[in-house]
Structures are given as C-alpha cells and as structure tokens.
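Source file: coords.cif. Holds: mmCIF, C-alpha atoms.
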```
data_data
loop_
_atom_site.label_atom_id
_atom_site.label_comp_id
_atom_site.auth_asym_id
_atom_site.auth_seq_id
_atom_site.Cartn_x
_atom_site.Cartn_y
_atom_site.Cartn_z
CA MET K 25 -21.55 -7.34 -19.14
CA GLN K 26 -18.64 -9.74 -18.86
CA THR K 27 -17.16 -11.21 -22.05
CA LYS K 28 -14.31 -13.44 -20.87
CA THR K 29 -12.30 -14.40 -17.82
CA TYR K 30 -8.61 -15.22 -17.38
CA ASN K 31 -7.86 -17.26 -14.26
CA ASN K 32 -4.45 -18.59 -13.22
CA GLY K 33 -5.71 -19.62 -9.79
CA GLU K 34 -4.32 -16.72 -7.78
CA LEU K 35 -5.12 -13.89 -10.17
CA VAL K 36 -8.33 -13.44 -12.13
CA VAL K 37 -8.87 -10.94 -14.95
CA GLU K 38 -12.41 -10.19 -16.09
CA ASP K 39 -12.89 -8.39 -19.40
CA TYR K 40 -16.10 -6.44 -19.86
CA LYS K 41 -17.89 -5.55 -23.08
CA ASN K 42 -17.52 -1.82 -22.42
CA GLY K 43 -13.72 -2.15 -22.48
CA GLY K 44 -13.19 -2.48 -18.74
CA LYS K 45 -10.89 -4.90 -16.97
CA ASN K 46 -11.12 -6.16 -13.40
CA ILE K 47 -7.76 -7.39 -12.05
CA ILE K 48 -8.67 -9.56 -9.08
CA VAL K 49 -6.29 -11.09 -6.54
CA ASN K 50 -7.51 -14.51 -5.44
CA ARG K 51 -5.50 -15.67 -2.40
CA PRO K 52 -8.16 -15.62 0.35
CA LYS K 53 -6.31 -18.00 2.68
CA ASN K 54 -3.45 -15.47 2.74
CA LEU K 55 -5.83 -12.50 3.05
CA HIS K 56 -4.99 -11.79 -0.59
CA ALA K 57 -1.31 -11.08 0.12
CA ILE K 58 0.35 -10.64 -3.27
CA ASP K 59 3.56 -12.26 -4.49
CA SER K 60 5.97 -12.05 -7.42
CA LYS K 61 3.62 -14.10 -9.62
CA TYR K 62 0.84 -11.55 -9.07
CA PHE K 63 3.18 -8.59 -9.68
CA ARG K 64 4.40 -10.02 -12.99
CA THR K 65 0.97 -11.00 -14.31
CA ALA K 66 -0.80 -7.83 -13.17
CA LEU K 67 1.98 -5.70 -14.67
CA ASN K 68 1.60 -7.42 -18.04
CA VAL K 69 -2.19 -6.97 -17.95
CA LEU K 70 -1.86 -3.30 -17.01
CA ASN K 71 0.70 -2.58 -19.73
CA GLN K 72 -1.55 -4.19 -22.34
CA ALA K 73 -4.52 -2.22 -21.02
CA GLN K 74 -2.60 1.02 -21.43
CA ILE K 75 -1.88 0.49 -25.12
CA ASP K 76 -5.17 -1.25 -25.95
CA GLY K 77 -7.42 1.29 -27.64
CA ASN K 78 -10.46 -0.77 -26.69
CA CYS K 79 -9.66 -0.74 -22.96
CA SER K 80 -11.47 2.09 -21.21
CA TYR K 81 -10.77 1.53 -17.48
CA VAL K 82 -9.25 -0.87 -14.95
CA ILE K 83 -10.56 -2.08 -11.59
CA ILE K 84 -8.18 -3.42 -8.93
CA SER K 85 -9.92 -5.71 -6.45
CA SER K 86 -9.96 -9.06 -4.66
CA THR K 87 -12.36 -12.00 -4.64
CA SER K 88 -14.00 -10.65 -1.49
CA CYS K 89 -17.30 -10.53 -3.41
CA THR K 90 -16.31 -7.95 -6.04
CA SER K 91 -16.43 -10.33 -8.99
CA THR K 92 -19.71 -10.53 -10.88
CA SER K 93 -18.72 -13.65 -12.78
CA PRO K 94 -20.84 -16.74 -12.02
CA ASN K 95 -17.67 -18.79 -12.58
CA ILE K 96 -15.75 -17.16 -9.73
CA ALA K 97 -16.65 -17.97 -6.17
CA CYS K 98 -16.57 -15.13 -3.68
CA SER K 99 -14.24 -15.65 -0.75
CA THR K 100 -15.72 -17.68 2.08
CA ILE K 101 -12.99 -16.58 4.48
CA LYS K 102 -14.61 -14.72 7.36
CA THR K 103 -12.04 -11.87 7.44
CA ARG K 104 -12.58 -9.61 4.44
CA SER K 105 -9.47 -8.36 2.73
CA PHE K 106 -8.61 -6.28 -0.32
CA CYS K 107 -4.92 -7.09 0.04
CA ALA K 108 -2.99 -7.69 3.26
CA GLY K 109 0.30 -6.70 1.63
CA GLY K 110 3.17 -8.27 -0.23
CA ASP K 111 4.27 -11.78 0.62
CA VAL K 112 7.08 -10.66 2.94
CA LYS K 113 7.86 -14.25 3.95
CA GLN K 114 8.70 -14.97 0.31
CA LEU K 115 10.79 -11.79 0.14
CA THR K 116 12.80 -12.38 3.33
CA ARG K 117 13.49 -16.00 2.30
CA ALA K 118 14.93 -14.63 -0.93
CA MET K 119 16.97 -12.02 0.95
CA GLN K 120 18.54 -14.78 3.02
CA ASN K 121 19.10 -17.31 0.23
CA ASP K 122 19.11 -15.63 -3.20
CA MET K 123 19.46 -11.85 -3.39
CA PHE K 124 18.90 -11.84 -7.14
CA MET K 125 15.43 -13.28 -6.54
CA ALA K 126 14.89 -10.57 -3.91
CA TYR K 127 15.91 -7.93 -6.47
CA TYR K 128 13.49 -9.47 -8.95
CA TYR K 129 10.63 -9.58 -6.42
CA LEU K 130 11.16 -5.92 -5.50
CA GLY K 131 11.70 -4.87 -9.11
CA THR K 132 8.47 -6.44 -10.34
CA GLU K 133 6.48 -5.09 -7.39
CA TYR K 134 7.79 -1.55 -7.75
CA SER K 135 7.38 -1.65 -11.55
CA LEU K 136 3.70 -2.47 -10.99
CA ASN K 137 3.38 0.43 -8.53
CA LEU K 138 4.98 2.77 -11.08
CA ALA K 139 2.82 1.47 -13.94
CA LEU K 140 -0.31 2.13 -11.87
CA ALA K 141 0.89 5.67 -11.15
CA ARG K 142 1.51 6.26 -14.87
CA PHE K 143 -1.75 4.67 -16.02
CA GLN K 144 -3.64 7.29 -18.02
CA LYS K 145 -7.09 5.69 -18.02
CA PRO K 146 -9.55 5.58 -15.11
CA SER K 147 -8.50 3.15 -12.39
CA ILE K 148 -10.68 2.10 -9.47
CA ALA K 149 -9.38 0.32 -6.35
CA ILE K 150 -12.07 -1.43 -4.31
CA MET K 151 -10.48 -1.31 -0.86
CA ASP K 152 -12.96 -3.51 0.97
CA GLY K 153 -11.50 -5.02 4.16
CA ILE K 154 -7.80 -5.14 5.04
CA VAL K 155 -5.57 -2.78 3.04
CA MET K 156 -1.98 -3.04 4.24
CA GLY K 157 1.53 -2.61 2.88
CA GLY K 158 1.57 -3.80 -0.72
CA GLY K 159 -2.22 -3.48 -0.76
CA ALA K 160 -1.83 0.23 -0.09
CA GLY K 161 0.81 0.25 -2.82
CA ILE K 162 -1.57 -0.99 -5.53
CA SER K 163 -4.48 1.20 -4.41
CA ALA K 164 -2.80 4.56 -3.68
CA PRO K 165 -1.98 5.32 -7.36
CA CYS K 166 -5.56 4.65 -8.51
CA ARG K 167 -7.71 7.59 -9.55
CA TYR K 168 -10.69 6.36 -7.50
CA ARG K 169 -10.18 4.58 -4.18
CA VAL K 170 -13.36 3.10 -2.71
CA VAL K 171 -13.58 2.10 0.96
CA SER K 172 -16.32 0.36 2.95
CA GLU K 173 -17.32 -0.07 6.59
CA GLN K 174 -14.89 -3.02 6.74
CA THR K 175 -11.84 -1.10 5.49
CA ARG K 176 -8.74 -1.14 7.68
CA TRP K 177 -5.84 0.73 6.06
CA ALA K 178 -2.30 0.64 7.45
CA MET K 179 1.39 0.71 6.58
CA PRO K 180 2.76 -1.39 9.47
CA GLU K 181 6.26 -1.92 8.05
CA CYS K 182 8.13 -0.46 11.04
CA ALA K 183 6.60 -3.24 13.16
CA ILE K 184 8.53 -5.79 11.08
CA GLY K 185 11.74 -3.78 10.88
CA PHE K 186 11.15 -2.32 7.40
CA PHE K 187 9.91 1.00 5.98
CA PRO K 188 6.78 2.06 4.01
CA ASP K 189 7.96 1.18 0.52
CA VAL K 190 5.97 0.65 -2.74
CA GLY K 191 5.98 4.42 -3.30
CA LEU K 192 3.85 5.11 -0.22
CA CYS K 193 6.27 7.73 1.10
CA TYR K 194 5.33 9.84 -1.93
CA TYR K 195 1.63 9.70 -1.03
CA LEU K 196 2.16 10.04 2.73
CA SER K 197 4.17 13.22 2.15
CA ARG K 198 1.22 14.73 0.27
CA ILE K 199 -1.82 13.94 2.41
CA LYS K 200 -3.63 16.24 4.87
CA SER K 201 -0.36 17.32 6.48
CA LEU K 202 3.26 16.13 6.41
CA ALA K 203 3.07 15.44 10.15
CA LEU K 204 0.03 13.22 9.63
CA GLY K 205 1.85 11.32 6.89
CA CYS K 206 4.84 10.80 9.18
CA PHE K 207 2.49 9.65 11.94
CA LEU K 208 0.87 7.03 9.70
CA GLY K 209 4.20 5.81 8.35
CA LEU K 210 5.96 5.57 11.71
CA THR K 211 3.17 4.11 13.83
CA GLY K 212 1.41 1.83 11.34
CA TYR K 213 -1.85 3.34 12.61
CA ASN K 214 -4.91 1.36 11.53
CA CYS K 215 -7.22 3.75 9.63
CA SER K 216 -10.94 3.09 9.39
CA ALA K 217 -12.87 4.11 6.28
CA ASP K 218 -13.73 7.56 7.62
CA GLU K 219 -10.10 8.16 8.59
CA ALA K 220 -8.90 7.06 5.15
CA ILE K 221 -11.32 9.57 3.61
CA TYR K 222 -10.20 12.29 6.03
CA CYS K 223 -6.51 11.72 5.26
CA GLY K 224 -7.09 11.65 1.50
CA LEU K 225 -6.14 7.98 1.16
CA ALA K 226 -9.61 7.17 -0.22
CA THR K 227 -12.00 9.09 -2.48
CA HIS K 228 -15.38 7.38 -1.93
CA TYR K 229 -17.19 5.52 0.84
CA ILE K 230 -19.56 2.88 -0.54
CA SER K 231 -20.99 0.30 1.84
CA GLN K 232 -20.44 -3.39 1.19
CA ASP K 233 -24.06 -4.04 0.31
CA ARG K 234 -23.81 -1.56 -2.59
CA GLN K 235 -20.47 -2.63 -4.02
CA ARG K 236 -21.81 -5.42 -6.23
CA LYS K 237 -24.27 -2.91 -7.69
CA MET K 238 -21.38 -0.48 -8.20
CA ILE K 239 -19.43 -3.03 -10.24
CA GLU K 240 -22.51 -3.90 -12.32
CA MET K 241 -23.30 -0.23 -13.02
CA ILE K 242 -19.72 0.42 -14.13
CA GLN K 243 -19.81 -2.71 -16.33
CA GLU K 244 -23.02 -1.59 -18.01
CA SER K 245 -21.90 2.02 -18.51
CA ASP K 246 -20.11 3.59 -21.47
CA GLY K 247 -16.86 3.25 -19.50
CA LYS K 248 -16.01 6.94 -19.69
CA ASP K 249 -14.28 8.67 -16.79
CA THR K 250 -17.11 11.16 -16.24
CA THR K 251 -19.65 8.33 -16.12
CA ILE K 252 -17.59 6.27 -13.67
CA LYS K 253 -17.16 9.29 -11.41
CA ARG K 254 -20.89 9.99 -11.51
CA ILE K 255 -21.69 6.37 -10.57
CA LEU K 256 -19.27 6.47 -7.65
CA ASP K 257 -20.50 9.88 -6.50
CA ASN K 258 -24.14 8.74 -6.60
CA LEU K 259 -23.49 5.54 -4.64
CA SER K 260 -21.15 7.16 -2.16
CA SER K 261 -22.26 8.37 1.25
CA ALA K 262 -20.69 9.75 4.40
CA PRO K 263 -19.08 7.10 6.64
CA LYS K 264 -21.23 6.16 9.63
CA THR K 265 -18.49 7.04 12.11
CA SER K 266 -16.48 10.23 12.44
CA SER K 267 -12.71 10.33 12.14
CA THR K 268 -10.87 9.71 15.40
CA LEU K 269 -7.75 11.13 13.80
CA GLN K 270 -9.49 14.41 13.13
CA SER K 271 -9.86 15.04 16.86
CA LYS K 272 -6.14 14.27 17.33
CA THR K 273 -4.92 16.50 14.49
CA ASN K 274 -3.40 19.19 16.72
CA VAL K 275 -1.34 16.83 18.86
CA ILE K 276 -0.22 14.82 15.82
CA ASN K 277 0.89 17.98 14.01
CA LYS K 278 2.79 19.18 17.08
CA CYS K 279 4.51 15.89 17.83
CA PHE K 280 5.26 14.60 14.34
CA CYS K 281 6.45 17.82 12.68
CA HIS K 282 10.10 17.18 13.63
CA ASP K 283 12.83 15.93 11.31
CA ASN K 284 14.24 13.39 13.77
CA VAL K 285 12.75 10.53 15.78
CA GLU K 286 14.24 11.68 19.08
CA SER K 287 12.35 14.99 18.93
CA ILE K 288 9.12 13.21 18.03
CA ILE K 289 9.46 10.93 21.06
CA LYS K 290 10.31 13.87 23.30
CA SER K 291 7.24 15.78 22.09
CA LEU K 292 5.01 12.78 22.78
CA GLU K 293 6.47 12.40 26.27
CA GLU K 294 5.93 16.08 27.07
CA SER K 295 2.50 16.49 25.48
CA THR K 296 -0.30 17.68 27.75
CA GLU K 297 -2.95 16.97 25.10
CA HIS K 298 -4.50 13.52 24.62
CA VAL K 299 -2.05 12.05 27.12
CA ASP K 300 -3.39 8.48 26.89
CA PHE K 301 -3.22 8.57 23.09
CA CYS K 302 0.37 9.84 23.21
CA LYS K 303 1.34 7.10 25.65
CA GLN K 304 -0.13 4.42 23.37
CA ILE K 305 1.84 5.81 20.45
CA LEU K 306 5.03 5.96 22.53
CA ASP K 307 4.62 2.34 23.61
CA LYS K 308 4.25 1.36 19.97
CA LEU K 309 7.27 3.33 18.75
CA ASN K 310 9.43 1.92 21.54
CA LEU K 311 8.57 -1.58 20.34
CA PHE K 312 9.56 -0.94 16.71
CA SER K 313 12.96 -1.15 15.02
CA PRO K 314 14.83 2.10 15.78
CA THR K 315 16.60 1.94 12.42
CA ALA K 316 13.34 1.37 10.54
CA LEU K 317 11.80 4.40 12.26
CA ARG K 318 14.67 6.63 11.20
CA VAL K 319 14.71 5.35 7.62
CA THR K 320 10.94 5.83 7.42
CA LEU K 321 11.00 9.40 8.68
CA LYS K 322 13.73 10.43 6.25
CA CYS K 323 12.01 8.70 3.32
CA ILE K 324 8.70 10.47 3.93
CA ARG K 325 10.32 13.87 4.42
CA ASP K 326 12.57 13.41 1.37
CA ALA K 327 9.57 12.39 -0.75
CA ARG K 328 8.23 15.97 -0.65
CA TYR K 329 10.88 16.86 -3.21
CA LEU K 330 10.65 13.74 -5.39
CA ASN K 331 8.28 12.72 -8.15
CA ILE K 332 6.71 9.27 -7.98
CA GLU K 333 9.35 7.62 -10.18
CA GLU K 334 12.19 9.10 -8.12
CA CYS K 335 10.48 8.00 -4.93
CA ILE K 336 10.01 4.42 -6.12
CA LYS K 337 13.62 4.28 -7.31
CA GLN K 338 14.73 5.45 -3.87
CA ASN K 339 12.54 2.75 -2.30
CA TYR K 340 14.18 0.16 -4.55
CA ASN K 341 17.68 1.33 -3.63
CA ILE K 342 16.92 1.15 0.07
CA ALA K 343 15.10 -2.18 -0.05
CA CYS K 344 17.81 -3.91 -2.09
CA ASN K 345 20.57 -2.72 0.24
CA TYR K 346 18.63 -2.90 3.50
CA ASN K 347 19.51 -6.45 4.46
CA HIS K 348 23.23 -5.84 3.90
CA LEU K 349 23.26 -3.10 6.51
CA CYS K 350 20.59 -4.21 8.97
CA SER K 351 18.99 -7.59 9.72
CA ASP K 352 15.87 -6.02 11.24
CA PHE K 353 13.52 -6.87 8.35
CA VAL K 354 14.33 -10.60 8.49
CA THR K 355 14.19 -10.44 12.30
CA GLY K 356 10.86 -8.62 12.28
CA VAL K 357 9.15 -10.99 9.85
CA LYS K 358 10.34 -14.03 11.81
CA THR K 359 9.34 -12.57 15.18
CA LYS K 360 6.00 -11.01 14.24
CA LEU K 361 4.68 -13.20 11.43
CA ILE K 362 6.29 -16.60 11.96
CA ASP K 363 6.88 -16.86 15.73
CA LYS K 364 3.95 -14.47 16.40
CA SER K 365 5.83 -12.86 19.27
CA ASN K 366 6.75 -9.34 20.36
CA ASP K 367 10.15 -10.46 21.63
CA TYR K 368 12.18 -8.50 19.09
CA ARG K 369 15.97 -8.49 18.92
CA TRP K 370 16.65 -5.40 16.85
CA SER K 371 20.06 -4.38 15.57
CA PRO K 372 21.74 -1.39 17.27
CA VAL K 373 20.40 1.83 15.81
CA PHE K 374 22.32 3.61 13.05
CA GLU K 375 22.81 6.98 14.73
CA ASN K 376 23.84 8.80 11.55
CA ILE K 377 20.94 8.26 9.20
CA GLU K 378 22.60 10.36 6.47
CA ALA K 379 25.51 7.91 6.45
CA PHE K 380 22.99 5.06 6.29
CA PHE K 381 21.54 6.56 3.11
CA GLU K 382 25.02 7.00 1.62
CA GLU K 383 25.14 3.22 1.37
CA PHE K 384 22.43 3.40 -1.28
CA LYS K 385 24.57 5.20 -3.84
CA SER K 386 25.30 1.99 -5.75
CA PRO K 387 22.02 0.09 -6.09
CA PRO K 388 21.65 -3.01 -8.29
CA PHE K 389 20.15 -0.91 -11.08
CA HIS K 390 20.59 -3.68 -13.66
CA VAL K 391 17.41 -5.32 -12.39
CA TRP K 392 15.43 -2.10 -11.93
CA SER K 393 16.43 -0.73 -15.34
CA GLN K 394 15.39 -3.90 -17.13
CA LEU K 395 12.05 -4.18 -15.35
CA ASN K 396 11.34 -0.45 -15.44
CA GLN K 397 11.28 -0.55 -19.23
CA THR K 398 8.18 -2.74 -19.05
CA SER K 399 6.26 -0.10 -17.13
CA LYS K 400 7.06 2.72 -19.56
CA LEU K 401 4.56 3.68 -22.22
#
```
Serialized structure, structure tokens:
Amino acid sequence: MQTKTYNNGELVVEDYKNGGKNIIVNRPKNLHAIDSKYFRTALNVLNQAQIDGNCSYVIISSTSCTSTSPNIACSTIKTRSFCAGGDVKQLTRAMQNDMFMAYYYLGTEYSLNLALARFQKPSIAIMDGIVMGGGAGISAPCRYRVVSEQTRWAMPECAIGFFPDVGLCYYLSRIKSLALGCFLGLTGYNCSADEAIYCGLATHYISQDRQRKMIEMIQESDGKDTTIKRILDNLSSAPKTSSTLQSKTNVINKCFCHDNVESIIKSLEESTEHVDFCKQILDKLNLFSPTALRVTLKCIRDARYLNIEECIKQNYNIACNYNHLCSDFVTGVKTKLIDKSNDYRWSPVFENIEAFFEEFKSPPFHVWSQLNQTSKL
C-alpha cells in the first residue's frame, strides 16, 4: 500500500510500505517528454533509493494510468505515452544560446542513465505507449521492462540530425544481432511490443488492462526480486501479434552488417529479398542527416568494446561537441518538430568519420565529472 506521495507537478514519487518507489513522469501534454528538471529530481530520488536500506525496488513509469494513488489523476490525453523522449527543443535552444546549460542538460540526463545502469536493486520500467529517445534511455537499463499492446519503441534521432545517445548504443550493440541494432539505430524503426520482446528490448508483455493489477500486486508483495519476477512472469503473456522484424531478419543481417553507410545503402539497393521493405528503408535513410547516420553507425559498432560508463561518456563527448561541428541537430529539430516539415537542409557530410571523432578528444569534462560523482555509489 502507498504511504506518501511527492509531487512537484511534472514528477511524482510514490513511496510504498514494502519499500518500493514509483518514479512517475507527469507531462501528458508533452507525451511525457522529460527535461532537465526531471533528470535532476529523478537522479536525486534514485541515488537516495540506492543507499536507503529500507528501499527494496524502484518503478519507472508515467501517469498513463500506472499510479494507484487516489490523489493522482491518470492522463486523459488520448495518446498513451511512457516517455516520448528528452525535451530536445529545450536542448537545442540551449545549444544555440548557452552551451553551459546544454552541457548541464546532457550531464544530468546521462548521469541519470548511468545511475539506472548501476542501480543494484530491482527496477521495473512500465513501457506503456510511446517509448522514444530519452524514454528508451530510462527504460533500457532497468532489470524488468514491461510492454503492452500500445507500446511503440523507437530511437528516431537520425531523423532530427542527431544520434542514439543516452547509452542506447551500448544496448543496441548487444541485442539479437549487431546488424539488427544498427538497423534500429539508423532507421528509427518503430517497434511494436512483440518486436521489442523479440529484439530483447523488453522482458515482459502485460496487457494494459492488467497493469494496474500488476502495480498493486508488487505494492502488496514483500518487495523481493524473486517475488517481483514471479508476479511479472505470472501476469505476462505472449503478444497477440507476431514480430514483423523476425521475418526480415535475414535481409537486415545481410544489409546492415557493414561498417560503413555506403555499403549498407548499396546492399539495400541490390537486395532481391523483401524488395519493398528495402525500398522503404532506403527512402528513409536518404531523408536523414548523412552525418548523423555515420556517427550513429560508428557509435553502435564501437559500443561492442565499451562498458556502459565508457559508452555514456562517449555519448557525452559527442553530444557536447556535435553542434560545433555540424548544425544538423538544430536544423532537424526545427524542421521536424517545430516547422513539421520534411524539407531538410542538412550540412555536407563529413566523409572521414574517424576525423570527425578526433574532434571529441577534448570534451568539457568539468561538467561530466562533477555530475558523474552524484551517480556513483
């Protein structure tokens, strides 16, 4: 049962008598996109939960009907969303006007991602509805990742001239196959619940009509990891639809196994399997920032040899320097999210991606180092 609730308007924390915490994003009008205020508050809550001997587990969710508190209204917004990502409009404004604030935004976000990855107690992400960008970043590190029939998972950063940050390259490099991870990162493919399960991005499928019961059962349990797993296993079922990606595995593995974007595009053009699918993917890639595609591919392939902390540090280096070398992120956010157009004006591609990465040798570590201390145990 619930004992108390903290509510700052956009973030709600429910404390349960069995030692559990439910960290709930409450920005329904923005599809629960998260900003620097959320990162900072959630990071503080998570750090306290880690050292609190009475805290037994943490749930990460949104107000899309996952709260059991009578004092918290469930979202009335028609589109269900776990988290539609970070507030990239806030970030690009900072990149244009105050880079220190951009460093701070990225530092707090990535520190939260790292703290979640280091969290030693059970963590459950309730990925009901839209799960994109930063939403994937706060769910991927969780031990249990619950999807529903409404789940739509994607990392669409290349569509706005950026790359899959928040540590996602680490997870994408370790799913079903490296080629599949590269496919998801480059194309921003929209995964349904069954596809998220197939790829390893989710652990349990629990339909929406059973999720309130799931929360209540976890609340009323002893809070132990074995008990939580048993509850999730018992409520979980097979998704009602079969994975579309599974039928495309061969062509994805053939086309996205290469270490450069040009070879991937050539393989898609020459493929005799799933021709219509390959054409759709080609059309999408040709619309995206060529620099973002190349940065993304290298990040995912490099991540095979990095631990999660190294991967997040690399993400921070790239993100903090990105706008100095390439205006595509600012351009992409303005075109796609503000003007709501597909009339992109991308920068000329950086042909030598290795040279592009050389620019990240001197990151603004003063911000990362200071913030990173808060996520260490």
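CA of Asp246 (chain K) to CA of Tyr40 (chain K) spans 10.9 Å [interatomic distance, one decimal].
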### Query
Written as a PyMOL selection string, which residues does the PyMOL selection byres ((chain K and resi 64) around 10) give for the file shown?
chain K and resi 59-63+65-69+128-129+131-133+135-136+395
Padding of 3 Å on every side, edges along x, y and z, all listed atoms of region 361-371 of chain K included: what centre and edge lengths in Å, to one decimal, does that box have, as JSON?
```
{"center_x": 12.0, "center_y": -10.6, "center_z": 16.5, "size_x": 22.1, "size_y": 18.5, "size_z": 16.2}
```
### Query
What is the distance, in Å and to one decimal place, between CA of Thr116 (chain K) and CA of Met156 (chain K)?
17.5 Å
### Task
Fewer than 6 positions away in the same chain doesn't count, so skip those; otherwise give me all residues within 6 Å of region 248-261 of chain K, counting only C-alpha atoms, as a ChimeraX atom specification.
/K:146,228-230
Only C-alpha atoms, please: the residues just picked out, written as a short mmCIF file (atom, residue, chain, number, x, y, z; two decimals), keeping the file's coordinate frame.
```cif
data_model
loop_
_atom_site.label_atom_id
_atom_site.label_comp_id
_atom_site.auth_asym_id
_atom_site.auth_seq_id
_atom_site.Cartn_x
_atom_site.Cartn_y
_atom_site.Cartn_z
CA PRO K 146 -9.55 5.58 -15.11
CA HIS K 228 -15.38 7.38 -1.93
CA TYR K 229 -17.19 5.52 0.84
CA ILE K 230 -19.56 2.88 -0.54
#
```
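Candidate residues K:Asn42, K:Gln114, K:Asn32, K:Ser371 were compared for distance to Glu244 (chain K), and the nearest is K:Asn42, using all atoms listed in the file.
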#### Entry: Ref. answer, residues at most 9 Å from (-7.5, 9.3, -1.3) with only C-alpha atoms, as a count of residues only
16
### Message
Please report the interatomic distance between CA of Gly153 (chain K) and CA of Ser88 (chain K) in Å with one decimal.
### Response
8.4 Å
When the PyMOL selection byres ((chain K and resi 211) around 10) is applied to the structure above, which residues does it catch, written out as a PDB file with C-alpha atoms, in the frame of the given file?
```pdb
ATOM      1  CA  ALA K 178      -2.300   0.640   7.450  1.00  0.00           C
ATOM      2  CA  MET K 179       1.390   0.710   6.580  1.00  0.00           C
ATOM      3  CA  PRO K 180       2.760  -1.390   9.470  1.00  0.00           C
ATOM      4  CA  GLU K 181       6.260  -1.920   8.050  1.00  0.00           C
ATOM      5  CA  CYS K 182       8.130  -0.460  11.040  1.00  0.00           C
ATOM      6  CA  ALA K 183       6.600  -3.240  13.160  1.00  0.00           C
ATOM      7  CA  CYS K 206       4.840  10.800   9.180  1.00  0.00           C
ATOM      8  CA  PHE K 207       2.490   9.650  11.940  1.00  0.00           C
ATOM      9  CA  LEU K 208       0.870   7.030   9.700  1.00  0.00           C
ATOM     10  CA  GLY K 209       4.200   5.810   8.350  1.00  0.00           C
ATOM     11  CA  LEU K 210       5.960   5.570  11.710  1.00  0.00           C
ATOM     12  CA  GLY K 212       1.410   1.830  11.340  1.00  0.00           C
ATOM     13  CA  TYR K 213      -1.850   3.340  12.610  1.00  0.00           C
ATOM     14  CA  ASN K 214      -4.910   1.360  11.530  1.00  0.00           C
ATOM     15  CA  ILE K 305       1.840   5.810  20.450  1.00  0.00           C
ATOM     16  CA  LEU K 306       5.030   5.960  22.530  1.00  0.00           C
ATOM     17  CA  LYS K 308       4.250   1.360  19.970  1.00  0.00           C
ATOM     18  CA  LEU K 309       7.270   3.330  18.750  1.00  0.00           C
ATOM     19  CA  PHE K 312       9.560  -0.940  16.710  1.00  0.00           C
ATOM     20  CA  LEU K 317      11.800   4.400  12.260  1.00  0.00           C
TER      21      LEU K 317
END
```
### Message
Which residues are near region 322-331 of chain K? Cut-off 6 Å, only C-alpha atoms, ignore same chain within fewer than 4 positions. Put them as a VMD selection string.
### Response
chain K and resid 193 to 194 197 335
Residue IDs satisfying the PyMOL selection byres ((chain K and resi 78) around 12), as a PDB file with C-alpha atoms, in the frame of the given file:
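Output file out28.pdb follows:
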```pdb
ATOM      1  CA  ASP K  39     -12.890  -8.390 -19.400  1.00  0.00           C
ATOM      2  CA  TYR K  40     -16.100  -6.440 -19.860  1.00  0.00           C
ATOM      3  CA  LYS K  41     -17.890  -5.550 -23.080  1.00  0.00           C
ATOM      4  CA  ASN K  42     -17.520  -1.820 -22.420  1.00  0.00           C
ATOM      5  CA  GLY K  43     -13.720  -2.150 -22.480  1.00  0.00           C
ATOM      6  CA  GLY K  44     -13.190  -2.480 -18.740  1.00  0.00           C
ATOM      7  CA  LYS K  45     -10.890  -4.900 -16.970  1.00  0.00           C
ATOM      8  CA  GLN K  72      -1.550  -4.190 -22.340  1.00  0.00           C
ATOM      9  CA  ALA K  73      -4.520  -2.220 -21.020  1.00  0.00           C
ATOM     10  CA  GLN K  74      -2.600   1.020 -21.430  1.00  0.00           C
ATOM     11  CA  ILE K  75      -1.880   0.490 -25.120  1.00  0.00           C
ATOM     12  CA  ASP K  76      -5.170  -1.250 -25.950  1.00  0.00           C
ATOM     13  CA  GLY K  77      -7.420   1.290 -27.640  1.00  0.00           C
ATOM     14  CA  CYS K  79      -9.660  -0.740 -22.960  1.00  0.00           C
ATOM     15  CA  SER K  80     -11.470   2.090 -21.210  1.00  0.00           C
ATOM     16  CA  TYR K  81     -10.770   1.530 -17.480  1.00  0.00           C
ATOM     17  CA  VAL K  82      -9.250  -0.870 -14.950  1.00  0.00           C
ATOM     18  CA  LYS K 145      -7.090   5.690 -18.020  1.00  0.00           C
ATOM     19  CA  ASP K 246     -20.110   3.590 -21.470  1.00  0.00           C
ATOM     20  CA  GLY K 247     -16.860   3.250 -19.500  1.00  0.00           C
ATOM     21  CA  LYS K 248     -16.010   6.940 -19.690  1.00  0.00           C
TER      22      LYS K 248
END
```
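Comparing the minimum interatomic distances between Tyr195 (chain K) and each of K:Phe374, K:Ala343, K:Val285, K:Ser163, counting all atoms listed in the file, we find that K:Ser163 sits nearest.
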Hey, could you make a per-residue contact list for region 91-190 of chain K against region 349-356 of chain K with 10 Å as the cut-off, showing the nearest pair of atoms and its distance in Å to one decimal, counting all atoms listed in the file, sorted by chain and number, as a tab-separated table?
```
residue	atom	partner	partner_atom	distance
K:Val112	CA	K:Val354	CA	9.1
K:Lys113	CA	K:Val354	CA	8.7
K:Leu115	CA	K:Val354	CA	9.1
K:Thr116	CA	K:Val354	CA	5.7
K:Arg117	CA	K:Val354	CA	8.3
K:Met119	CA	K:Val354	CA	8.1
K:Gln120	CA	K:Val354	CA	8.1
K:Glu181	CA	K:Phe353	CA	8.8
K:Cys182	CA	K:Gly356	CA	8.7
K:Ala183	CA	K:Gly356	CA	6.9
K:Ile184	CA	K:Gly356	CA	3.9
K:Gly185	CA	K:Phe353	CA	4.4
K:Phe186	CA	K:Phe353	CA	5.2
K:Phe187	CA	K:Phe353	CA	9.0
```
